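Content type CSV, C-alpha atoms, from the file protein_37.csv:
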chain,number,residue,atom,x,y,z
A,1,MET,CA,7.2,93.9,113.6
A,2,GLU,CA,10.2,91.8,112.7
A,3,ALA,CA,10.2,89.7,109.6
A,4,GLU,CA,11.0,86.6,111.6
A,5,VAL,CA,7.8,87.0,113.6
A,6,GLY,CA,5.8,87.4,110.4
A,7,LYS,CA,7.1,84.1,109.1
A,8,TYR,CA,5.9,82.2,112.1
A,9,ILE,CA,2.5,83.9,112.0
A,10,GLY,CA,2.2,83.2,108.3
A,11,ALA,CA,3.1,79.5,108.8
A,12,GLY,CA,0.5,79.2,111.5
A,13,ILE,CA,-2.1,80.9,109.2
A,14,ALA,CA,-1.2,78.5,106.4
A,15,CYS,CA,-2.2,75.6,108.6
A,16,ILE,CA,-5.9,76.8,108.4
A,17,ALA,CA,-5.9,75.0,105.1
A,18,LEU,CA,-6.2,71.8,107.1
A,19,ALA,CA,-9.7,72.8,108.1
A,20,GLY,CA,-10.8,72.6,104.5
A,21,ALA,CA,-9.1,69.2,104.1
A,22,GLY,CA,-10.9,68.0,107.2
A,23,ILE,CA,-14.3,69.1,105.9
A,24,GLY,CA,-13.6,67.5,102.6
A,25,ILE,CA,-12.5,64.1,104.0
A,26,GLY,CA,-15.5,64.2,106.4
A,27,THR,CA,-17.9,64.9,103.5
A,28,ILE,CA,-16.4,62.1,101.4
A,29,PHE,CA,-16.5,59.4,104.2
A,30,GLY,CA,-19.9,60.6,105.5
A,31,ASN,CA,-21.5,60.5,102.0
A,32,PHE,CA,-19.9,57.1,101.3
A,33,LEU,CA,-21.3,55.7,104.5
A,34,SER,CA,-24.8,57.0,103.9
A,35,GLY,CA,-24.7,55.7,100.4
A,36,ALA,CA,-23.3,52.3,101.5
A,37,LEU,CA,-26.0,51.9,104.2
A,38,ARG,CA,-28.7,52.5,101.6
A,39,ASN,CA,-27.2,50.1,99.1
A,40,PRO,CA,-24.6,47.9,100.8
A,41,SER,CA,-24.2,45.6,97.7
A,42,ALA,CA,-22.9,48.5,95.6
A,43,ALA,CA,-20.5,49.7,98.3
A,44,GLN,CA,-17.6,47.4,97.6
A,45,SER,CA,-17.4,48.4,94.0
A,46,GLN,CA,-17.1,52.1,94.9
A,47,PHE,CA,-14.3,51.6,97.5
A,48,PRO,CA,-11.5,52.6,95.1
A,49,ASN,CA,-13.4,55.9,94.3
A,50,LEU,CA,-13.6,56.5,98.1
A,51,LEU,CA,-9.9,56.2,98.5
A,52,LEU,CA,-9.3,58.4,95.5
A,53,GLY,CA,-11.6,61.1,96.7
A,54,PHE,CA,-10.0,60.9,100.1
A,55,ALA,CA,-6.5,61.3,98.6
A,56,LEU,CA,-7.6,64.2,96.4
A,57,ALA,CA,-9.2,66.0,99.4
A,58,GLU,CA,-6.2,65.4,101.6
A,59,ALA,CA,-3.8,66.8,99.0
A,60,THR,CA,-5.4,70.3,99.2
A,61,GLY,CA,-4.7,70.4,102.9
A,62,LEU,CA,-1.1,69.4,102.2
A,63,PHE,CA,-0.6,72.4,99.9
A,64,GLY,CA,-1.1,74.5,103.0
A,65,LEU,CA,1.5,72.5,104.8
A,66,ILE,CA,3.9,73.1,101.9
A,67,ILE,CA,3.3,76.9,102.2
A,68,ALA,CA,4.0,76.7,105.9
A,69,LEU,CA,7.3,74.8,105.2
A,70,ILE,CA,8.3,77.3,102.5
A,71,LEU,CA,7.7,80.2,104.9
A,72,LEU,CA,9.7,78.5,107.7
A,73,PHE,CA,12.7,77.1,105.8
A,74,VAL,CA,13.0,78.9,102.4
A,75,VAL,CA,11.8,82.5,102.7
B,76,MET,CA,11.8,56.8,112.2
B,77,ALA,CA,15.6,57.1,112.0
B,78,GLY,CA,17.4,56.8,115.3
B,79,ASN,CA,18.7,59.7,117.2
B,80,SER,CA,21.2,59.1,120.0
B,81,GLU,CA,20.5,62.3,121.9
B,82,GLY,CA,17.1,61.2,123.3
B,83,GLY,CA,14.7,63.1,125.5
B,84,ALA,CA,13.4,66.5,124.8
B,85,GLY,CA,16.4,67.4,122.7
B,86,MET,CA,15.2,65.2,119.9
B,87,ASP,CA,14.8,66.9,116.6
B,88,PRO,CA,11.8,65.4,114.6
B,89,MET,CA,13.4,66.6,111.3
B,90,HIS,CA,16.7,64.8,112.0
B,91,GLN,CA,15.4,61.6,110.4
B,92,PHE,CA,15.1,63.4,107.0
B,93,GLU,CA,18.8,64.4,106.8
B,94,VAL,CA,20.7,63.0,103.8
B,95,HIS,CA,24.3,62.2,104.6
B,96,PRO,CA,26.9,60.5,102.4
B,97,ILE,CA,27.9,57.0,103.2
B,98,ILE,CA,30.6,56.6,100.5
B,99,GLU,CA,32.2,59.9,99.5
B,100,LEU,CA,32.7,60.1,95.7
B,101,PRO,CA,34.3,62.9,93.6
B,102,ALA,CA,31.9,65.4,92.1
B,103,LEU,CA,31.1,64.9,88.4
B,104,ALA,CA,30.6,68.2,86.5
B,105,GLY,CA,29.7,70.0,89.8
B,106,ILE,CA,27.2,67.4,90.8
B,107,ASP,CA,27.8,65.6,94.1
B,108,THR,CA,27.7,61.8,93.2
B,109,SER,CA,28.3,60.5,96.8
B,110,PHE,CA,26.5,57.3,97.8
B,111,THR,CA,24.1,58.6,100.4
B,112,ASN,CA,21.7,57.0,102.8
B,113,SER,CA,18.9,58.0,100.4
B,114,SER,CA,20.7,56.1,97.6
B,115,LEU,CA,21.2,53.1,99.9
B,116,TRP,CA,17.5,52.8,100.7
B,117,MET,CA,16.5,53.4,97.1
B,118,THR,CA,18.8,50.6,96.0
B,119,LEU,CA,17.4,48.4,98.8
B,120,ALA,CA,13.8,49.1,97.6
B,121,VAL,CA,14.7,48.2,94.0
B,122,GLY,CA,16.7,45.2,95.0
B,123,LEU,CA,14.1,43.8,97.4
B,124,SER,CA,11.2,44.4,95.1
B,125,GLY,CA,13.1,42.7,92.3
B,126,LEU,CA,14.1,39.8,94.6
B,127,PHE,CA,10.5,39.4,95.8
B,128,MET,CA,9.1,39.1,92.3
B,129,LEU,CA,12.0,36.8,91.2
B,130,MET,CA,11.5,34.5,94.1
B,131,ALA,CA,7.7,34.6,93.7
B,132,SER,CA,8.0,33.6,90.0
B,133,SER,CA,10.9,31.2,90.1
B,134,ARG,CA,9.3,28.0,91.3
B,135,THR,CA,5.7,28.3,90.1
B,136,ALA,CA,3.3,25.6,91.0
B,137,LEU,CA,-0.3,25.0,90.0
B,138,VAL,CA,-1.3,25.4,93.6
B,139,PRO,CA,0.7,28.5,94.6
B,140,GLY,CA,2.7,28.7,97.8
B,141,ARG,CA,2.6,31.8,100.0
B,142,LEU,CA,5.3,33.7,98.2
B,143,GLN,CA,3.9,32.9,94.7
B,144,LEU,CA,0.4,33.9,95.9
B,145,MET,CA,1.7,37.3,97.1
B,146,GLY,CA,3.5,37.9,93.8
B,147,GLU,CA,0.3,36.9,91.9
B,148,MET,CA,-1.8,39.2,94.1
B,149,ALA,CA,0.5,42.1,93.4
B,150,TYR,CA,0.4,41.4,89.7
B,151,GLY,CA,-3.4,41.0,89.7
B,152,PHE,CA,-3.9,44.1,91.7
B,153,VAL,CA,-2.1,46.4,89.3
B,154,ALA,CA,-3.4,44.5,86.2
B,155,ASN,CA,-6.9,45.0,87.4
B,156,MET,CA,-6.3,48.6,88.2
B,157,ILE,CA,-5.1,49.2,84.6
B,158,LYS,CA,-7.9,47.2,83.0
B,159,GLU,CA,-10.6,49.1,85.0
B,160,ASN,CA,-9.2,52.5,84.5
B,161,VAL,CA,-7.4,52.5,81.2
B,162,GLY,CA,-8.8,49.4,79.4
B,163,THR,CA,-7.0,46.6,77.7
B,164,GLU,CA,-4.9,49.1,75.6
B,165,GLY,CA,-3.3,50.2,78.9
B,166,MET,CA,-1.7,46.8,79.4
B,167,ARG,CA,1.1,48.0,77.2
B,168,PHE,CA,2.1,50.3,80.0
B,169,PHE,CA,1.9,47.5,82.6
B,170,PRO,CA,5.7,47.1,83.2
B,171,PHE,CA,6.0,50.9,83.8
B,172,ILE,CA,3.0,51.1,86.2
B,173,PHE,CA,3.9,47.9,88.0
B,174,SER,CA,7.5,49.0,88.7
B,175,LEU,CA,6.2,52.4,89.8
B,176,PHE,CA,3.8,50.9,92.2
B,177,MET,CA,6.3,48.4,93.6
B,178,PHE,CA,9.0,51.0,94.0
B,179,ILE,CA,6.8,53.5,95.9
B,180,LEU,CA,5.3,50.7,98.0
B,181,PHE,CA,8.7,49.3,99.0
B,182,CYS,CA,10.2,52.8,99.7
B,183,ASN,CA,7.2,53.6,101.9
B,184,MET,CA,7.2,50.3,103.7
B,185,LEU,CA,11.0,50.2,104.2
B,186,GLY,CA,10.7,53.7,105.6
B,187,MET,CA,8.5,52.3,108.4
B,188,LEU,CA,11.4,50.2,109.7
B,189,PRO,CA,13.1,51.8,112.8
B,190,TYR,CA,16.5,53.5,111.9
B,191,SER,CA,15.6,53.5,108.2
B,192,PHE,CA,15.4,56.4,105.8
B,193,THR,CA,12.1,57.2,104.0
B,194,VAL,CA,13.1,57.9,100.4
B,195,THR,CA,9.7,59.2,99.5
B,196,SER,CA,9.8,61.8,102.2
B,197,HIS,CA,11.9,63.9,100.0
B,198,LEU,CA,10.2,66.2,97.5
B,199,ILE,CA,12.9,65.8,94.9
B,200,VAL,CA,12.4,62.1,94.7
B,201,THR,CA,8.6,62.2,94.4
B,202,PHE,CA,8.8,65.1,92.0
B,203,ALA,CA,11.2,63.2,89.8
B,204,LEU,CA,8.7,60.2,89.8
B,205,ALA,CA,5.8,62.6,89.0
B,206,ALA,CA,7.7,64.4,86.3
B,207,VAL,CA,8.4,61.0,84.6
B,208,VAL,CA,4.7,60.2,84.7
B,209,PHE,CA,3.7,63.6,83.5
B,210,CYS,CA,6.2,63.6,80.5
B,211,MET,CA,5.2,60.1,79.6
B,212,VAL,CA,1.4,60.8,79.7
B,213,THR,CA,1.9,64.0,77.6
B,214,ALA,CA,4.1,62.1,75.1
B,215,VAL,CA,1.6,59.3,74.8
B,216,GLY,CA,-1.2,61.8,74.2
B,217,PHE,CA,0.7,63.6,71.4
B,218,ILE,CA,1.9,60.4,69.8
B,219,ARG,CA,-1.6,58.9,69.7
B,220,HIS,CA,-3.6,62.0,68.8
B,221,GLY,CA,-1.1,64.3,67.2
B,222,ILE,CA,-1.9,68.0,67.6
B,223,GLY,CA,-5.5,66.9,68.3
B,224,PHE,CA,-4.4,66.1,71.9
B,225,LEU,CA,-4.8,69.9,72.6
B,226,LYS,CA,-8.6,69.4,72.3
B,227,LEU,CA,-8.3,67.9,75.8
B,228,PHE,CA,-8.1,71.5,77.1
B,229,VAL,CA,-11.4,72.5,75.4
B,230,PRO,CA,-14.4,71.1,77.3
B,231,SER,CA,-17.3,70.3,74.9
B,232,GLY,CA,-20.8,71.7,75.2
B,233,ILE,CA,-20.0,75.1,76.7
B,234,PRO,CA,-20.9,78.6,75.4
B,235,VAL,CA,-18.2,80.2,73.1
B,236,VAL,CA,-17.8,83.1,75.5
B,237,MET,CA,-16.6,80.8,78.3
B,238,VAL,CA,-14.1,78.9,76.2
B,239,PRO,CA,-11.0,81.1,76.8
B,240,LEU,CA,-11.5,81.1,80.6
B,241,LEU,CA,-12.1,77.4,80.8
B,242,VAL,CA,-9.1,76.6,78.5
B,243,LEU,CA,-7.0,78.6,80.9
B,244,ILE,CA,-8.3,76.7,83.9
B,245,GLU,CA,-7.8,73.4,82.1
B,246,VAL,CA,-4.2,74.2,81.2
B,247,ILE,CA,-3.4,75.3,84.7
B,248,SER,CA,-5.0,72.2,86.2
B,249,TYR,CA,-3.1,70.0,83.7
B,250,LEU,CA,0.2,71.7,84.6
B,251,THR,CA,-0.3,71.4,88.4
B,252,ARG,CA,-0.7,67.6,88.1
B,253,PRO,CA,3.0,66.8,88.6
B,254,VAL,CA,3.0,69.2,91.6
B,255,SER,CA,0.0,67.8,93.3
B,256,LEU,CA,1.0,64.2,92.5
B,257,SER,CA,4.5,64.6,94.1
B,258,VAL,CA,3.4,66.9,97.0
B,259,ARG,CA,0.7,64.4,98.0
B,260,LEU,CA,3.2,61.5,98.4
B,261,PHE,CA,5.9,63.7,99.9
B,262,GLY,CA,3.5,65.5,102.3
B,263,ASN,CA,1.9,62.3,103.6
B,264,MET,CA,5.2,60.6,104.2
B,265,MET,CA,6.9,63.6,105.8
B,266,ALA,CA,4.0,64.7,108.0
B,267,GLY,CA,3.4,61.1,109.1
B,268,HIS,CA,7.0,60.4,110.0
B,269,THR,CA,7.4,63.8,111.8
B,270,MET,CA,4.2,63.0,113.8
B,271,LEU,CA,5.5,59.6,114.8
B,272,LYS,CA,8.8,61.1,115.9
B,273,ILE,CA,7.1,63.8,118.0
B,274,PHE,CA,4.9,61.2,119.8
B,275,GLY,CA,7.9,59.0,120.2
B,276,GLY,CA,9.7,62.0,121.8
B,277,PHE,CA,6.8,62.4,124.3
B,278,VAL,CA,7.1,58.7,125.3
B,279,VAL,CA,10.9,59.0,125.8
B,280,GLY,CA,10.7,62.4,127.4
B,281,LEU,CA,8.0,61.4,129.9
B,282,SER,CA,9.6,58.1,130.9
B,283,SER,CA,13.0,59.5,131.3
B,284,ALA,CA,11.5,62.2,133.6
B,285,GLY,CA,10.2,59.3,135.8
B,286,LEU,CA,6.6,59.7,134.7
B,287,VAL,CA,6.2,56.2,133.3
B,288,PRO,CA,2.4,56.0,134.0
B,289,LEU,CA,1.9,59.2,132.1
B,290,ALA,CA,3.9,57.9,129.1
B,291,ILE,CA,1.4,55.0,128.6
B,292,ALA,CA,-1.1,57.3,126.8
B,293,PRO,CA,1.3,58.6,124.1
B,294,PHE,CA,2.7,55.1,123.8
B,295,ALA,CA,-0.7,53.7,123.0
B,296,LEU,CA,-1.3,56.4,120.5
B,297,MET,CA,2.1,55.7,119.0
B,298,VAL,CA,1.1,52.1,118.4
B,299,ALA,CA,-2.1,53.2,116.7
B,300,LEU,CA,-0.3,55.8,114.7
B,301,THR,CA,2.2,53.2,113.5
B,302,GLY,CA,-0.7,51.1,112.2
B,303,LEU,CA,-2.2,54.2,110.5
B,304,GLU,CA,1.1,55.0,108.9
B,305,LEU,CA,1.4,51.5,107.5
B,306,LEU,CA,-2.1,51.9,106.0
B,307,ILE,CA,-1.1,55.3,104.6
B,308,ALA,CA,2.2,53.8,103.1
B,309,GLY,CA,0.1,51.4,101.1
B,310,LEU,CA,-2.6,53.8,100.3
B,311,GLN,CA,-0.3,56.5,98.9
B,312,ALA,CA,1.4,54.0,96.7
B,313,TYR,CA,-2.1,52.9,95.5
B,314,VAL,CA,-3.2,56.5,95.0
B,315,PHE,CA,-0.1,57.5,93.0
B,316,THR,CA,-0.5,54.5,90.7
B,317,ILE,CA,-4.3,54.9,90.2
B,318,LEU,CA,-3.8,58.6,89.4
B,319,THR,CA,-1.2,57.6,86.8
B,320,CYS,CA,-3.8,55.2,85.3
B,321,ILE,CA,-6.4,58.0,85.2
B,322,TYR,CA,-4.0,60.4,83.5
B,323,LEU,CA,-3.0,57.7,81.1
B,324,ASN,CA,-6.7,57.0,80.3
B,325,GLU,CA,-7.3,60.6,79.5
B,326,ALA,CA,-4.3,60.7,77.2
B,327,ILE,CA,-5.3,57.5,75.4
B,328,HIS,CA,-9.1,57.9,75.2
B,329,MET,CA,-9.5,61.7,75.6
B,330,ASP,CA,-13.0,61.3,77.1
B,331,HIS,CA,-13.6,64.4,78.9
If you convert what's in this file into structure tokens, what do you get?
Amino acid sequence: MEAEVGKYIGAGIACIALAGAGIGIGTIFGNFLSGALRNPSAAQSQFPNLLLGFALAEATGLFGLIIALILLFVV
Amino acid sequence: MAGNSEGGAGMDPMHQFEVHPIIELPALAGIDTSFTNSSLWMTLAVGLSGLFMLMASSRTALVPGRLQLMGEMAYGFVANMIKENVGTEGMRFFPFIFSLFMFILFCNMLGMLPYSFTVTSHLIVTFALAAVVFCMVTAVGFIRHGIGFLKLFVPSGIPVVMVPLLVLIEVISYLTRPVSLSVRLFGNMMAGHTMLKIFGGFVVGLSSAGLVPLAIAPFALMVALTGLELLIAGLQAYVFTILTCIYLNEAIHMDH
């Protein structure tokens, strides 16, 4: 198999990292929603934490994207 | 969303990220100092955010006008963020954190204009910002606590056997902070703008092929995605700033 082909396959595989990010973001928003429905008065104060958790979970998926980009354009 | 004259299916979604010189300048010590489109939009972001705050604070009234209200909201937003996450001691760092927030916010928002250039969609720009934050936080930690700052890497209340392993993990997680901070902003901006460009290409490609009714679906999605990107532009500026606050809090208070 040629190295060029391997690069594209590797870049595609690296995008599986997005599945983890999706699970993470879904867990965060789902748990926030269930918590907010139980105690709506406390929900507003936890909104910054929600965004923070969302951003942290999203970043892990982006690392996969970076690996894909490195494989495509640098290696 | 920089413009591309080719149009149709031949559009390259990565074309918008190309840096090209506007004013050619001679190289200084082997470093290309040309004034590029990246420099132009960076200058614009600094100029506009400065102008905004100057105009907002020039004619202050007891009952604020629209502009003054916006300026006060921006000030209060960042000041609240620092007070909640770092405490009152953190207000010494307010000028730094506020300029960081305004610069990233303006770069992201200006990047949403058609034919503009998104400065923060380049890893070198975001990494430079993250490196400044990282160096400052580490310096603050060592200045305040001396060599005792290294205790940050030793979690309390764990068995002695586990200490070497956990110290290793803590050091690695500390050192990856600038990487994750910069990659988050860069990845969000780059991926978002590439996605907008690809969906824009669908609209142009389908309508130029005479399939205008079919182009309505990607066009509607494009409108929704532009809204989402505006949200993300603000959110990423907020996230970058709040993480800076959290790192600063750790360096100042060392509560682990």
Checklist entry - Which is closest to Val278 in chain B among B:Met156, B:Ala295, B:Met264, B:Leu240, if we use all atoms listed in the file? => result B:Ala295
Next on the checklist: Env of Thr163 in chain B: 12 Å cut, atoms = only C-alpha atoms, seq-sep filter 6 positions within chain, self excluded. Answer as a list of chain:residue names.
Outcome noted: B:Ala154, B:Asn155, B:Met156, B:Ile157, B:Phe169, B:Cys320, B:Asn324, B:Ile327, B:His328
Could you dump the residues just selected with C-alpha atoms as a short mmCIF file (atom, residue, chain, number, x, y, z; two decimals), in the frame of the given file?
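Final file, selection14.cif:
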data_model
loop_
_atom_site.label_atom_id
_atom_site.label_comp_id
_atom_site.auth_asym_id
_atom_site.auth_seq_id
_atom_site.Cartn_x
_atom_site.Cartn_y
_atom_site.Cartn_z
CA ALA B 154 -3.40 44.50 86.20
CA ASN B 155 -6.90 45.00 87.40
CA MET B 156 -6.30 48.60 88.20
CA ILE B 157 -5.10 49.20 84.60
CA PHE B 169 1.90 47.50 82.60
CA CYS B 320 -3.80 55.20 85.30
CA ASN B 324 -6.70 57.00 80.30
CA ILE B 327 -5.30 57.50 75.40
CA HIS B 328 -9.10 57.90 75.20
#
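Nearest residue to Ala68 in chain A among B:Gly216, B:Gly262, B:Phe209, B:Thr201 is B:Gly262, counting all atoms listed in the file.
Using all atoms listed in the file, one finds that the residues of chain B close to chain A, at 7 Å or less, are Ser255, Arg259, Gly262 and Val314 of chain B.
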Write out, as a PDB file, in the coordinates of the input, the residues just selected, with C-alpha atoms.
ATOM      1  CA  SER B 255       0.000  67.800  93.300  1.00  0.00           C
ATOM      2  CA  ARG B 259       0.700  64.400  98.000  1.00  0.00           C
ATOM      3  CA  GLY B 262       3.500  65.500 102.300  1.00  0.00           C
ATOM      4  CA  VAL B 314      -3.200  56.500  95.000  1.00  0.00           C
TER       5      VAL B 314
END
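Relative to CA of Val242 in chain B, CA of Val229 in chain B is found at 5.6 Å.
Candidate residues B:Val258, B:Met329, B:Ile199, B:Val194 were compared for distance to Trp116 in chain B, and the nearest is B:Val194, using all atoms listed in the file.
CA of Phe173 in chain B is positioned 20.0 Å from CA of Leu305 in chain B.
CA of Ile179 in chain B sits 22.4 Å away from CA of Leu250 in chain B.
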Next on the checklist: Can you tell me which residues surround Leu241 in chain B at a distance of at most 10 Å, considering all atoms listed in the file, apart from same-chain residues fewer than 4 positions away, and format the answer as a list in words?
Outcome noted: Phe228, Val229, Pro230, Ile233, Val236, Met237, Glu245, Val246 and Ile247 of chain B
Just the selected residues (C-alpha atoms), exported as a PDB file, in the frame of the given file, please.
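That gives us part_26.pdb:
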ATOM      1  CA  PHE B 228      -8.100  71.500  77.100  1.00  0.00           C
ATOM      2  CA  VAL B 229     -11.400  72.500  75.400  1.00  0.00           C
ATOM      3  CA  PRO B 230     -14.400  71.100  77.300  1.00  0.00           C
ATOM      4  CA  ILE B 233     -20.000  75.100  76.700  1.00  0.00           C
ATOM      5  CA  VAL B 236     -17.800  83.100  75.500  1.00  0.00           C
ATOM      6  CA  MET B 237     -16.600  80.800  78.300  1.00  0.00           C
ATOM      7  CA  GLU B 245      -7.800  73.400  82.100  1.00  0.00           C
ATOM      8  CA  VAL B 246      -4.200  74.200  81.200  1.00  0.00           C
ATOM      9  CA  ILE B 247      -3.400  75.300  84.700  1.00  0.00           C
TER      10      ILE B 247
END
Item to check | Residue contacts of Leu50 in chain A (8 Å, only C-alpha atoms) excluding same-chain residues fewer than 5 positions away, as number ranges by chain | outcome: A: 28-29, 32
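Minimum distance to Leu69 in chain A across A:Gly20, A:Cys15, A:Glu2, A:Ser41 (counting all atoms listed in the file) occurs at A:Cys15.
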Next on the checklist: Please list as a list in words every residue within 12 Å of Leu281 in chain B, counting all atoms listed in the file and excluding residues in the same chain fewer than 4 positions away.
Outcome noted: Gly82, Gly83, Ala84, Phe274, Gly275, Gly276, Phe277, Gly285, Leu286, Val287, Pro288, Leu289, Ala290, Ile291, Ala292, Pro293 and Phe294 of chain B
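When only C-alpha atoms are used to measure the gap to Ile23 in chain A, the shortest distance among A:Val75, A:Gly6, A:Ala57, A:Gly64 belongs to A:Ala57.
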Next on the checklist: Show me, as number ranges by chain, the residues that have an atom within 10 Å of Ile9 in chain A when counting all atoms listed in the file, minus same-chain residues fewer than 5 positions from it.
Outcome noted: A: 3-4, 14, 68, 71-72
